[in-house]
Amino acid sequence: ARKPIKVFLRIHGDKERALPPSVLMAFYRIAQESINNIIKHSDATRIKLMTRRTETYVMMDIVDDGQVGLRPDDYARTGGGSRRTVGHF
């Protein structure tokens, strides 16, 4: 049986101008797959999905409290860079 997972959504920045449909679809699919993987593999109870938009970029962070996977400080030590998906449009 699956445990309930609380999902928090925060949107920062310009909400008035629409993103191109291809960008919206890409963000939707990235979020969909990330949340699906969290549900299947991480044993998380909370997911935070945050987006930020400026005139020059759109960024999405997806973070969970699961017990599986890399912690941000572990990831930085491996030279993996940022866990963020950043798109410039």
# chains A, B, ... in the order shown; residues from 1 in each chain; ligands from 1
>>> residues_around(residues="Lys3 in chain A", least_positions_apart="2", cutoff="9 Å", atoms="only C-alpha atoms", output="NGL selection string")
:A and (1 or 5 or 43-45)
>>> residues_around(residues="Lys6 in chain A", least_positions_apart="6", cutoff="12 Å", atoms="only C-alpha atoms", output="PyMOL selection string")
chain A and resi 35+38-39+44-49+63-65
>>> write_last_selection(atoms="N, CA and C atoms", output="compact mmCIF listing (two decimals), in the first residue's frame")
# COMPACT_ATOMS: atom_id res chain seq x y z
N ILE A 35 7.89 13.14 -10.42
CA ILE A 35 6.95 12.75 -9.35
C ILE A 35 6.67 11.25 -9.41
N ILE A 38 9.61 9.55 -7.85
CA ILE A 38 9.60 9.74 -6.39
C ILE A 38 8.61 8.77 -5.75
N ILE A 39 7.42 8.68 -6.31
CA ILE A 39 6.40 7.78 -5.77
C ILE A 39 6.88 6.33 -5.80
N ALA A 44 9.13 8.74 -0.16
CA ALA A 44 8.94 10.11 0.31
C ALA A 44 7.54 10.32 0.87
N THR A 45 7.42 11.32 1.75
CA THR A 45 6.12 11.73 2.26
C THR A 45 5.78 13.15 1.82
N ARG A 46 6.79 13.87 1.29
CA ARG A 46 6.59 15.25 0.83
C ARG A 46 7.34 15.48 -0.47
N ILE A 47 6.71 16.22 -1.36
CA ILE A 47 7.34 16.66 -2.61
C ILE A 47 7.13 18.16 -2.71
N LYS A 48 8.20 18.88 -3.03
CA LYS A 48 8.11 20.33 -3.28
C LYS A 48 8.47 20.57 -4.73
N LEU A 49 7.57 21.21 -5.46
CA LEU A 49 7.82 21.57 -6.84
C LEU A 49 7.78 23.10 -6.91
N VAL A 63 11.99 18.61 -5.24
CA VAL A 63 12.71 18.10 -4.07
C VAL A 63 11.76 17.19 -3.30
N ASP A 64 12.30 16.09 -2.77
CA ASP A 64 11.49 15.22 -1.93
C ASP A 64 12.24 14.89 -0.65
N ASP A 65 11.53 14.32 0.32
CA ASP A 65 12.16 13.94 1.58
C ASP A 65 12.39 12.43 1.66
>>> closest_residue(among="A:His12, A:Val7, A:Ile62, A:Arg17", to="Ser34 in chain A", atoms="only C-alpha atoms")
A:Ile62
>>> select_by_dssp(residues="range 3-80 of chain A", states="alpha helix (DSSP H)", output="mmCIF file with all heavy atoms, in the first residue's frame")
data_model
loop_
_atom_site.group_PDB
_atom_site.id
_atom_site.type_symbol
_atom_site.label_atom_id
_atom_site.label_comp_id
_atom_site.auth_asym_id
_atom_site.auth_seq_id
_atom_site.Cartn_x
_atom_site.Cartn_y
_atom_site.Cartn_z
ATOM 1 N N PRO A 21 4.006 26.697 -25.938
ATOM 2 C CA PRO A 21 3.437 25.363 -25.671
ATOM 3 C C PRO A 21 4.493 24.267 -25.532
ATOM 4 O O PRO A 21 4.345 23.378 -24.698
ATOM 5 C CB PRO A 21 2.527 25.109 -26.877
ATOM 6 C CG PRO A 21 2.154 26.474 -27.347
ATOM 7 C CD PRO A 21 3.356 27.344 -27.078
ATOM 8 N N SER A 22 5.557 24.318 -26.316
ATOM 9 C CA SER A 22 6.593 23.284 -26.225
ATOM 10 C C SER A 22 7.310 23.324 -24.875
ATOM 11 O O SER A 22 7.670 22.284 -24.325
ATOM 12 C CB SER A 22 7.602 23.431 -27.362
ATOM 13 O OG SER A 22 8.249 24.696 -27.286
ATOM 14 N N VAL A 23 7.481 24.516 -24.330
ATOM 15 C CA VAL A 23 8.122 24.662 -23.021
ATOM 16 C C VAL A 23 7.187 24.153 -21.929
ATOM 17 O O VAL A 23 7.600 23.426 -21.023
ATOM 18 C CB VAL A 23 8.534 26.124 -22.768
ATOM 19 C CG1 VAL A 23 9.079 26.297 -21.355
ATOM 20 C CG2 VAL A 23 9.561 26.575 -23.803
ATOM 21 N N LEU A 24 5.921 24.523 -22.015
ATOM 22 C CA LEU A 24 4.949 24.026 -21.045
ATOM 23 C C LEU A 24 4.895 22.497 -21.040
ATOM 24 O O LEU A 24 4.869 21.871 -19.979
ATOM 25 C CB LEU A 24 3.560 24.591 -21.358
ATOM 26 C CG LEU A 24 3.345 26.069 -21.067
ATOM 27 C CD1 LEU A 24 1.979 26.504 -21.578
ATOM 28 C CD2 LEU A 24 3.477 26.349 -19.594
ATOM 29 N N MET A 25 4.888 21.907 -22.228
ATOM 30 C CA MET A 25 4.841 20.442 -22.315
ATOM 31 C C MET A 25 6.111 19.818 -21.735
ATOM 32 O O MET A 25 6.044 18.812 -21.026
ATOM 33 C CB MET A 25 4.640 19.992 -23.767
ATOM 34 C CG MET A 25 4.524 18.475 -23.908
ATOM 35 S SD MET A 25 3.188 17.732 -22.924
ATOM 36 C CE MET A 25 1.774 18.229 -23.861
ATOM 37 N N ALA A 26 7.260 20.413 -22.018
ATOM 38 C CA ALA A 26 8.521 19.886 -21.472
ATOM 39 C C ALA A 26 8.501 19.935 -19.948
ATOM 40 O O ALA A 26 8.853 18.949 -19.279
ATOM 41 C CB ALA A 26 9.707 20.669 -22.027
ATOM 42 N N PHE A 27 8.085 21.059 -19.371
ATOM 43 C CA PHE A 27 8.027 21.173 -17.912
ATOM 44 C C PHE A 27 7.019 20.186 -17.329
ATOM 45 O O PHE A 27 7.270 19.565 -16.299
ATOM 46 C CB PHE A 27 7.690 22.607 -17.499
ATOM 47 C CG PHE A 27 8.905 23.451 -17.275
ATOM 48 C CD1 PHE A 27 9.761 23.755 -18.316
ATOM 49 C CD2 PHE A 27 9.206 23.927 -16.010
ATOM 50 C CE1 PHE A 27 10.885 24.522 -18.107
ATOM 51 C CE2 PHE A 27 10.336 24.697 -15.786
ATOM 52 C CZ PHE A 27 11.176 24.999 -16.844
ATOM 53 N N TYR A 28 5.882 20.031 -17.982
ATOM 54 C CA TYR A 28 4.874 19.081 -17.520
ATOM 55 C C TYR A 28 5.437 17.662 -17.507
ATOM 56 O O TYR A 28 5.294 16.932 -16.518
ATOM 57 C CB TYR A 28 3.635 19.154 -18.422
ATOM 58 C CG TYR A 28 2.601 18.121 -18.093
ATOM 59 C CD1 TYR A 28 1.716 18.307 -17.038
ATOM 60 C CD2 TYR A 28 2.516 16.940 -18.830
ATOM 61 C CE1 TYR A 28 0.768 17.355 -16.721
ATOM 62 C CE2 TYR A 28 1.569 15.978 -18.522
ATOM 63 C CZ TYR A 28 0.697 16.182 -17.467
ATOM 64 O OH TYR A 28 -0.232 15.221 -17.158
ATOM 65 N N ARG A 29 6.094 17.261 -18.586
ATOM 66 C CA ARG A 29 6.635 15.898 -18.679
ATOM 67 C C ARG A 29 7.762 15.659 -17.676
ATOM 68 O O ARG A 29 7.868 14.574 -17.090
ATOM 69 C CB ARG A 29 7.134 15.604 -20.097
ATOM 70 C CG ARG A 29 6.032 15.571 -21.129
ATOM 71 C CD ARG A 29 5.102 14.415 -20.888
ATOM 72 N NE ARG A 29 4.121 14.348 -21.967
ATOM 73 C CZ ARG A 29 2.992 13.717 -21.874
ATOM 74 N NH1 ARG A 29 2.676 13.071 -20.782
ATOM 75 N NH2 ARG A 29 2.154 13.703 -22.878
ATOM 76 N N ILE A 30 8.623 16.667 -17.484
ATOM 77 C CA ILE A 30 9.701 16.542 -16.499
ATOM 78 C C ILE A 30 9.112 16.375 -15.099
ATOM 79 O O ILE A 30 9.529 15.495 -14.336
ATOM 80 C CB ILE A 30 10.645 17.756 -16.561
ATOM 81 C CG1 ILE A 30 11.438 17.737 -17.872
ATOM 82 C CG2 ILE A 30 11.589 17.783 -15.355
ATOM 83 C CD1 ILE A 30 12.134 19.044 -18.198
ATOM 84 N N ALA A 31 8.130 17.211 -14.762
ATOM 85 C CA ALA A 31 7.490 17.111 -13.448
ATOM 86 C C ALA A 31 6.774 15.774 -13.292
ATOM 87 O O ALA A 31 6.882 15.112 -12.255
ATOM 88 C CB ALA A 31 6.513 18.269 -13.252
ATOM 89 N N GLN A 32 6.066 15.359 -14.330
ATOM 90 C CA GLN A 32 5.331 14.089 -14.302
ATOM 91 C C GLN A 32 6.270 12.912 -14.034
ATOM 92 O O GLN A 32 6.007 12.079 -13.158
ATOM 93 C CB GLN A 32 4.608 13.907 -15.630
ATOM 94 C CG GLN A 32 3.806 12.632 -15.748
ATOM 95 C CD GLN A 32 3.186 12.506 -17.138
ATOM 96 O OE1 GLN A 32 3.837 12.790 -18.139
ATOM 97 N NE2 GLN A 32 1.938 12.098 -17.184
ATOM 98 N N GLU A 33 7.363 12.845 -14.779
ATOM 99 C CA GLU A 33 8.298 11.728 -14.611
ATOM 100 C C GLU A 33 9.004 11.784 -13.265
ATOM 101 O O GLU A 33 9.208 10.757 -12.617
ATOM 102 C CB GLU A 33 9.314 11.727 -15.757
ATOM 103 C CG GLU A 33 10.231 10.527 -15.750
ATOM 104 C CD GLU A 33 9.528 9.190 -15.963
ATOM 105 O OE1 GLU A 33 8.382 9.158 -16.448
ATOM 106 O OE2 GLU A 33 10.150 8.154 -15.639
ATOM 107 N N SER A 34 9.362 12.985 -12.832
ATOM 108 C CA SER A 34 10.032 13.130 -11.534
ATOM 109 C C SER A 34 9.122 12.680 -10.398
ATOM 110 O O SER A 34 9.554 11.929 -9.516
ATOM 111 C CB SER A 34 10.443 14.585 -11.317
ATOM 112 O OG SER A 34 11.372 14.985 -12.286
ATOM 113 N N ILE A 35 7.889 13.138 -10.417
ATOM 114 C CA ILE A 35 6.952 12.749 -9.353
ATOM 115 C C ILE A 35 6.668 11.254 -9.405
ATOM 116 O O ILE A 35 6.614 10.581 -8.370
ATOM 117 C CB ILE A 35 5.667 13.592 -9.440
ATOM 118 C CG1 ILE A 35 5.992 15.049 -9.072
ATOM 119 C CG2 ILE A 35 4.568 13.021 -8.549
ATOM 120 C CD1 ILE A 35 4.885 16.039 -9.371
ATOM 121 N N ASN A 36 6.526 10.701 -10.598
ATOM 122 C CA ASN A 36 6.320 9.260 -10.733
ATOM 123 C C ASN A 36 7.500 8.478 -10.139
ATOM 124 O O ASN A 36 7.314 7.498 -9.410
ATOM 125 C CB ASN A 36 6.131 8.904 -12.208
ATOM 126 C CG ASN A 36 5.695 7.474 -12.400
ATOM 127 O OD1 ASN A 36 4.813 6.987 -11.698
ATOM 128 N ND2 ASN A 36 6.315 6.797 -13.344
ATOM 129 N N ASN A 37 8.728 8.921 -10.428
ATOM 130 C CA ASN A 37 9.912 8.250 -9.875
ATOM 131 C C ASN A 37 9.984 8.388 -8.362
ATOM 132 O O ASN A 37 10.373 7.444 -7.666
ATOM 133 C CB ASN A 37 11.186 8.790 -10.521
ATOM 134 C CG ASN A 37 11.359 8.295 -11.929
ATOM 135 O OD1 ASN A 37 10.789 7.285 -12.329
ATOM 136 N ND2 ASN A 37 12.132 9.017 -12.712
ATOM 137 N N ILE A 38 9.611 9.547 -7.849
ATOM 138 C CA ILE A 38 9.599 9.744 -6.393
ATOM 139 C C ILE A 38 8.615 8.775 -5.751
ATOM 140 O O ILE A 38 8.923 8.113 -4.764
ATOM 141 C CB ILE A 38 9.261 11.208 -6.050
ATOM 142 C CG1 ILE A 38 10.419 12.129 -6.452
ATOM 143 C CG2 ILE A 38 8.937 11.352 -4.559
ATOM 144 C CD1 ILE A 38 10.071 13.605 -6.459
ATOM 145 N N ILE A 39 7.418 8.676 -6.315
ATOM 146 C CA ILE A 39 6.400 7.782 -5.769
ATOM 147 C C ILE A 39 6.879 6.331 -5.805
ATOM 148 O O ILE A 39 6.718 5.583 -4.841
ATOM 149 C CB ILE A 39 5.074 7.943 -6.543
ATOM 150 C CG1 ILE A 39 4.453 9.307 -6.236
ATOM 151 C CG2 ILE A 39 4.095 6.815 -6.213
ATOM 152 C CD1 ILE A 39 3.311 9.693 -7.159
ATOM 153 N N LYS A 40 7.483 5.917 -6.907
ATOM 154 C CA LYS A 40 7.910 4.525 -7.065
ATOM 155 C C LYS A 40 9.119 4.152 -6.223
ATOM 156 O O LYS A 40 9.219 3.033 -5.728
ATOM 157 C CB LYS A 40 8.270 4.256 -8.527
ATOM 158 C CG LYS A 40 7.113 4.094 -9.439
ATOM 159 C CD LYS A 40 7.636 3.759 -10.827
ATOM 160 C CE LYS A 40 6.541 3.489 -11.809
ATOM 161 N NZ LYS A 40 7.084 3.185 -13.143
ATOM 162 N N HIS A 41 10.078 5.078 -6.078
ATOM 163 C CA HIS A 41 11.388 4.671 -5.589
ATOM 164 C C HIS A 41 11.882 5.325 -4.299
ATOM 165 O O HIS A 41 12.816 4.801 -3.695
ATOM 166 C CB HIS A 41 12.445 4.944 -6.667
ATOM 167 C CG HIS A 41 12.146 4.305 -7.977
ATOM 168 N ND1 HIS A 41 12.113 2.929 -8.153
ATOM 169 C CD2 HIS A 41 11.834 4.837 -9.178
ATOM 170 C CE1 HIS A 41 11.818 2.657 -9.411
ATOM 171 N NE2 HIS A 41 11.633 3.792 -10.060
ATOM 172 N N PRO A 72 21.490 16.630 -1.791
ATOM 173 C CA PRO A 72 22.151 17.723 -2.533
ATOM 174 C C PRO A 72 23.634 17.863 -2.237
ATOM 175 O O PRO A 72 24.440 18.054 -3.137
ATOM 176 C CB PRO A 72 21.371 18.960 -2.088
ATOM 177 C CG PRO A 72 20.022 18.446 -1.752
ATOM 178 C CD PRO A 72 20.261 17.069 -1.162
ATOM 179 N N ASP A 73 24.055 17.718 -0.970
ATOM 180 C CA ASP A 73 25.480 17.855 -0.654
ATOM 181 C C ASP A 73 26.276 16.666 -1.194
ATOM 182 O O ASP A 73 27.420 16.820 -1.615
ATOM 183 C CB ASP A 73 25.715 18.048 0.841
ATOM 184 C CG ASP A 73 25.091 16.956 1.693
ATOM 185 O OD1 ASP A 73 24.128 16.313 1.237
ATOM 186 O OD2 ASP A 73 25.570 16.757 2.819
ATOM 187 N N ASP A 74 25.697 15.470 -1.238
ATOM 188 C CA ASP A 74 26.379 14.319 -1.838
ATOM 189 C C ASP A 74 26.569 14.537 -3.331
ATOM 190 O O ASP A 74 27.614 14.228 -3.888
ATOM 191 C CB ASP A 74 25.570 13.030 -1.642
ATOM 192 C CG ASP A 74 25.472 12.606 -0.195
ATOM 193 O OD1 ASP A 74 26.330 13.027 0.600
ATOM 194 O OD2 ASP A 74 24.529 11.874 0.127
ATOM 195 N N TYR A 75 25.548 15.074 -3.963
ATOM 196 C CA TYR A 75 25.592 15.289 -5.404
ATOM 197 C C TYR A 75 26.660 16.305 -5.770
ATOM 198 O O TYR A 75 27.398 16.131 -6.722
ATOM 199 C CB TYR A 75 24.217 15.743 -5.892
ATOM 200 C CG TYR A 75 24.031 15.630 -7.376
ATOM 201 C CD1 TYR A 75 23.973 14.377 -7.983
ATOM 202 C CD2 TYR A 75 23.918 16.751 -8.173
ATOM 203 C CE1 TYR A 75 23.793 14.255 -9.343
ATOM 204 C CE2 TYR A 75 23.735 16.640 -9.542
ATOM 205 C CZ TYR A 75 23.679 15.393 -10.115
ATOM 206 O OH TYR A 75 23.503 15.270 -11.460
ATOM 207 N N ALA A 76 26.758 17.363 -4.990
ATOM 208 C CA ALA A 76 27.777 18.391 -5.254
ATOM 209 C C ALA A 76 29.180 17.803 -5.110
ATOM 210 O O ALA A 76 30.078 18.131 -5.880
ATOM 211 C CB ALA A 76 27.583 19.571 -4.304
ATOM 212 N N ARG A 77 29.384 16.912 -4.143
ATOM 213 C CA ARG A 77 30.706 16.306 -3.934
ATOM 214 C C ARG A 77 31.123 15.405 -5.095
ATOM 215 O O ARG A 77 32.289 15.230 -5.366
ATOM 216 C CB ARG A 77 30.716 15.492 -2.642
ATOM 217 C CG ARG A 77 30.987 16.315 -1.410
ATOM 218 C CD ARG A 77 31.382 15.404 -0.244
ATOM 219 N NE ARG A 77 30.343 14.472 0.111
ATOM 220 C CZ ARG A 77 29.380 14.710 0.987
ATOM 221 N NH1 ARG A 77 29.304 15.863 1.592
ATOM 222 N NH2 ARG A 77 28.474 13.792 1.262
#
>>> closest_residue(among="A:Met50, A:Pro4, A:Val58, A:Ser42", to="Ala18 in chain A", atoms="only C-alpha atoms")
A:Val58
>>> select_by_dssp(residues="range 15-69 of chain A", states="strand (DSSP E or B)", output="PyMOL selection string")
chain A and resi 46-53+57-64
>>> write_last_selection(atoms="N, CA and C atoms", output="tab-separated table (two decimals), in the first residue's frame")
chain	number	residue	atom	x	y	z
A	46	ARG	N	6.79	13.87	1.29
A	46	ARG	CA	6.59	15.25	0.83
A	46	ARG	C	7.34	15.48	-0.47
A	47	ILE	N	6.71	16.22	-1.36
A	47	ILE	CA	7.34	16.66	-2.61
A	47	ILE	C	7.13	18.16	-2.71
A	48	LYS	N	8.20	18.88	-3.03
A	48	LYS	CA	8.11	20.33	-3.28
A	48	LYS	C	8.47	20.57	-4.73
A	49	LEU	N	7.57	21.21	-5.46
A	49	LEU	CA	7.82	21.57	-6.84
A	49	LEU	C	7.78	23.10	-6.91
A	50	MET	N	8.89	23.69	-7.30
A	50	MET	CA	9.00	25.14	-7.34
A	50	MET	C	9.45	25.58	-8.72
A	51	THR	N	8.81	26.62	-9.24
A	51	THR	CA	9.25	27.19	-10.50
A	51	THR	C	9.57	28.66	-10.29
A	52	ARG	N	10.51	29.14	-11.06
A	52	ARG	CA	10.88	30.55	-11.05
A	52	ARG	C	11.05	31.00	-12.48
A	53	ARG	N	10.47	32.15	-12.79
A	53	ARG	CA	10.56	32.68	-14.14
A	53	ARG	C	11.01	34.13	-14.09
A	57	TYR	N	15.00	33.38	-18.08
A	57	TYR	CA	15.01	31.93	-17.86
A	57	TYR	C	13.77	31.46	-17.10
A	58	VAL	N	13.57	30.15	-17.18
A	58	VAL	CA	12.55	29.45	-16.40
A	58	VAL	C	13.27	28.30	-15.71
A	59	MET	N	13.02	28.13	-14.41
A	59	MET	CA	13.72	27.10	-13.65
A	59	MET	C	12.68	26.30	-12.85
A	60	MET	N	12.92	25.01	-12.72
A	60	MET	CA	12.06	24.17	-11.92
A	60	MET	C	12.92	23.35	-10.98
A	61	ASP	N	12.57	23.37	-9.69
A	61	ASP	CA	13.20	22.53	-8.68
A	61	ASP	C	12.17	21.53	-8.20
A	62	ILE	N	12.58	20.28	-8.11
A	62	ILE	CA	11.71	19.24	-7.55
A	62	ILE	C	12.51	18.55	-6.46
A	63	VAL	N	11.99	18.61	-5.24
A	63	VAL	CA	12.71	18.10	-4.07
A	63	VAL	C	11.76	17.19	-3.30
A	64	ASP	N	12.30	16.09	-2.77
A	64	ASP	CA	11.49	15.22	-1.93
A	64	ASP	C	12.24	14.89	-0.65
